[in-house]
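I have placed the structure first, in the form of structure tokens, so that the comments after it can refer back to it.
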Amino acid sequence: MNDFRFGPAEFYLVGFEGDSPDSETFRALTDLVSSGVVRLLDFVVLTKTEDGEVEIRELDEDGDILSLGDLAPIAAGIAGEEDVEDLAELVLPGHSAAIVVLELSFARELAQRLAAAGGQVLHSERVPAPVVNAMMDILDQEGE
């Protein structure tokens, strides 16, 4: 059987006010990682100054302010410089964001099982949650 060390990874750009995420943002992430639904591959906090300069902040630079508790990214650096620059373009001056790279644990197992059965994932596409929910609302209304 093929043993996949990692499954698909997704980059999320999470915006927030101020220069660091609040404790609820961290809790949402740590809860998901602790449940095993995802694995945290990388985490980068950036702030874009009013002048448009991008400042990168490391998790351990600020001690408890940017702490994920006992969690540590298992592939720190997977969000490369080019990724950070590209995603920073989406952050407004004077705002901050976190680049969160998550491995989808279920998708690793799916890919591994399909490979063991002789198949392979040729393509996958993510439909954003707001789009799915809007479509389900339309379908629900049509069914009434």
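Ordering of the structure tokens sets the chain letters (A, B, ...), residue numbers begin anew at 1 in every chain, and ligands are numbered from 1 in the order given.
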Counting only C-alpha atoms, what is within 8 Å of segment 14-19 of chain A, bar same-chain residues fewer than 3 positions away, as a list in words?
Leu46, Thr47, Val91, His95, Ser96, Ala97, Ala98, Ile99 and Val100 of chain A
Using backbone DSSP assignments, extract all strand (DSSP E) residues from chain A; output them as a short mmCIF file (atom, residue, chain, number, x, y, z; two decimals) with N, CA and C atoms, in the first residue's frame.
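Saved file states31.cif follows:
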data_model
loop_
_atom_site.label_atom_id
_atom_site.label_comp_id
_atom_site.auth_asym_id
_atom_site.auth_seq_id
_atom_site.Cartn_x
_atom_site.Cartn_y
_atom_site.Cartn_z
N ALA A 9 -2.75 20.09 0.68
CA ALA A 9 -2.64 21.21 1.61
C ALA A 9 -3.37 22.41 1.00
N GLU A 10 -3.94 23.19 1.87
CA GLU A 10 -4.62 24.40 1.44
C GLU A 10 -4.06 25.59 2.17
N PHE A 11 -3.93 26.68 1.44
CA PHE A 11 -3.48 27.94 2.00
C PHE A 11 -4.72 28.79 2.29
N TYR A 12 -4.80 29.29 3.50
CA TYR A 12 -5.89 30.19 3.89
C TYR A 12 -5.26 31.52 4.29
N LEU A 13 -5.86 32.59 3.82
CA LEU A 13 -5.44 33.92 4.23
C LEU A 13 -6.56 34.46 5.11
N VAL A 14 -6.27 34.59 6.40
CA VAL A 14 -7.28 34.98 7.38
C VAL A 14 -6.97 36.41 7.85
N GLY A 15 -7.86 37.33 7.50
CA GLY A 15 -7.67 38.73 7.89
C GLY A 15 -8.22 38.99 9.28
N PHE A 16 -7.66 39.98 9.94
CA PHE A 16 -8.13 40.36 11.27
C PHE A 16 -7.71 41.80 11.56
N VAL A 38 -7.48 18.42 10.58
CA VAL A 38 -6.42 19.01 9.77
C VAL A 38 -5.11 18.93 10.56
N ARG A 39 -4.02 19.07 9.82
CA ARG A 39 -2.71 19.23 10.46
C ARG A 39 -2.17 20.59 10.04
N LEU A 40 -1.56 21.28 10.99
CA LEU A 40 -0.99 22.60 10.74
C LEU A 40 0.39 22.44 10.13
N LEU A 41 0.51 22.84 8.87
CA LEU A 41 1.81 22.75 8.20
C LEU A 41 2.62 24.02 8.40
N ASP A 42 1.97 25.17 8.26
CA ASP A 42 2.70 26.43 8.38
C ASP A 42 1.76 27.52 8.85
N PHE A 43 2.33 28.55 9.46
CA PHE A 43 1.56 29.66 10.00
C PHE A 43 2.44 30.90 9.95
N VAL A 44 2.00 31.90 9.20
CA VAL A 44 2.76 33.14 9.05
C VAL A 44 1.82 34.31 9.29
N VAL A 45 2.24 35.24 10.13
CA VAL A 45 1.45 36.45 10.36
C VAL A 45 2.14 37.60 9.65
N LEU A 46 1.34 38.36 8.91
CA LEU A 46 1.91 39.52 8.23
C LEU A 46 1.05 40.74 8.48
N THR A 47 1.71 41.87 8.48
CA THR A 47 1.04 43.16 8.62
C THR A 47 1.47 44.02 7.45
N LYS A 48 0.50 44.70 6.84
CA LYS A 48 0.83 45.62 5.76
C LYS A 48 0.70 47.03 6.33
N VAL A 54 5.25 45.21 3.74
CA VAL A 54 4.79 43.98 4.38
C VAL A 54 5.79 43.57 5.46
N GLU A 55 5.28 43.42 6.67
CA GLU A 55 6.11 42.97 7.78
C GLU A 55 5.68 41.56 8.17
N ILE A 56 6.64 40.65 8.18
CA ILE A 56 6.38 39.24 8.54
C ILE A 56 6.70 39.08 10.01
N ARG A 57 5.81 38.39 10.72
CA ARG A 57 6.04 38.14 12.15
C ARG A 57 6.04 36.64 12.38
N SER A 96 -3.84 43.35 8.88
CA SER A 96 -2.99 42.19 9.10
C SER A 96 -3.72 40.93 8.67
N ALA A 97 -2.97 39.86 8.53
CA ALA A 97 -3.55 38.58 8.15
C ALA A 97 -2.61 37.46 8.58
N ALA A 98 -3.16 36.29 8.64
CA ALA A 98 -2.35 35.09 8.90
C ALA A 98 -2.47 34.19 7.68
N ILE A 99 -1.35 33.67 7.25
CA ILE A 99 -1.35 32.64 6.22
C ILE A 99 -1.29 31.32 6.98
N VAL A 100 -2.33 30.54 6.82
CA VAL A 100 -2.44 29.27 7.52
C VAL A 100 -2.44 28.17 6.46
N VAL A 101 -1.45 27.29 6.54
CA VAL A 101 -1.37 26.18 5.60
C VAL A 101 -1.79 24.92 6.36
N LEU A 102 -2.88 24.33 5.88
CA LEU A 102 -3.45 23.16 6.54
C LEU A 102 -3.42 21.95 5.62
N GLU A 103 -3.04 20.81 6.17
CA GLU A 103 -3.18 19.56 5.46
C GLU A 103 -4.54 18.99 5.81
N LEU A 104 -5.27 18.57 4.81
CA LEU A 104 -6.59 17.98 5.00
C LEU A 104 -6.39 16.48 5.27
#
Closest to Glu125 of chain A among A:Asp3, A:Phe26, A:Leu92, A:Pro8, using only C-alpha atoms?
A:Pro8
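Atom CA of Ala107 of chain A sits 10.0 Å away from atom CA of Val121 of chain A.
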Can you list, as a short mmCIF file (atom, residue, chain, number, x, y, z; two decimals) with N, CA and C atoms, in the first residue's frame, every protein, DNA or RNA residue that comes within 10 Å of Phe4 of chain A when you count only C-alpha atoms, leaving out same-chain residues fewer than 2 positions away?
data_model
loop_
_atom_site.label_atom_id
_atom_site.label_comp_id
_atom_site.auth_asym_id
_atom_site.auth_seq_id
_atom_site.Cartn_x
_atom_site.Cartn_y
_atom_site.Cartn_z
N MET A 1 0.84 -1.19 0.00
CA MET A 1 0.00 0.00 0.00
C MET A 1 0.88 1.24 0.00
N ASN A 2 0.50 2.23 -0.79
CA ASN A 2 1.22 3.49 -0.78
C ASN A 2 1.03 4.17 0.56
N PHE A 6 1.84 12.98 3.53
CA PHE A 6 1.03 14.19 3.55
C PHE A 6 -0.08 14.07 2.52
N GLY A 7 -1.16 14.75 2.80
CA GLY A 7 -2.26 14.85 1.85
C GLY A 7 -2.26 16.23 1.24
N ARG A 108 -5.82 12.97 2.74
CA ARG A 108 -4.62 12.12 2.67
C ARG A 108 -5.05 10.66 2.71
N GLU A 109 -5.95 10.34 3.64
CA GLU A 109 -6.41 8.95 3.74
C GLU A 109 -7.19 8.53 2.50
N ALA A 111 -6.80 9.67 -0.61
CA ALA A 111 -5.82 9.48 -1.68
C ALA A 111 -5.05 8.17 -1.48
N GLN A 112 -4.70 7.89 -0.25
CA GLN A 112 -3.95 6.68 0.07
C GLN A 112 -4.79 5.44 -0.23
N ARG A 113 -6.05 5.45 0.17
CA ARG A 113 -6.92 4.29 -0.06
C ARG A 113 -7.22 4.10 -1.55
N ALA A 115 -5.25 4.99 -3.99
CA ALA A 115 -4.01 4.48 -4.59
C ALA A 115 -3.85 2.99 -4.30
#
Which residues are close to Gly36 of chain A, i.e. within 9 Å by only C-alpha atoms, leaving aside same-chain residues fewer than 3 positions away? Reply as JSON, numbers by chain.
{"A": [31, 32, 33, 39, 105, 106]}
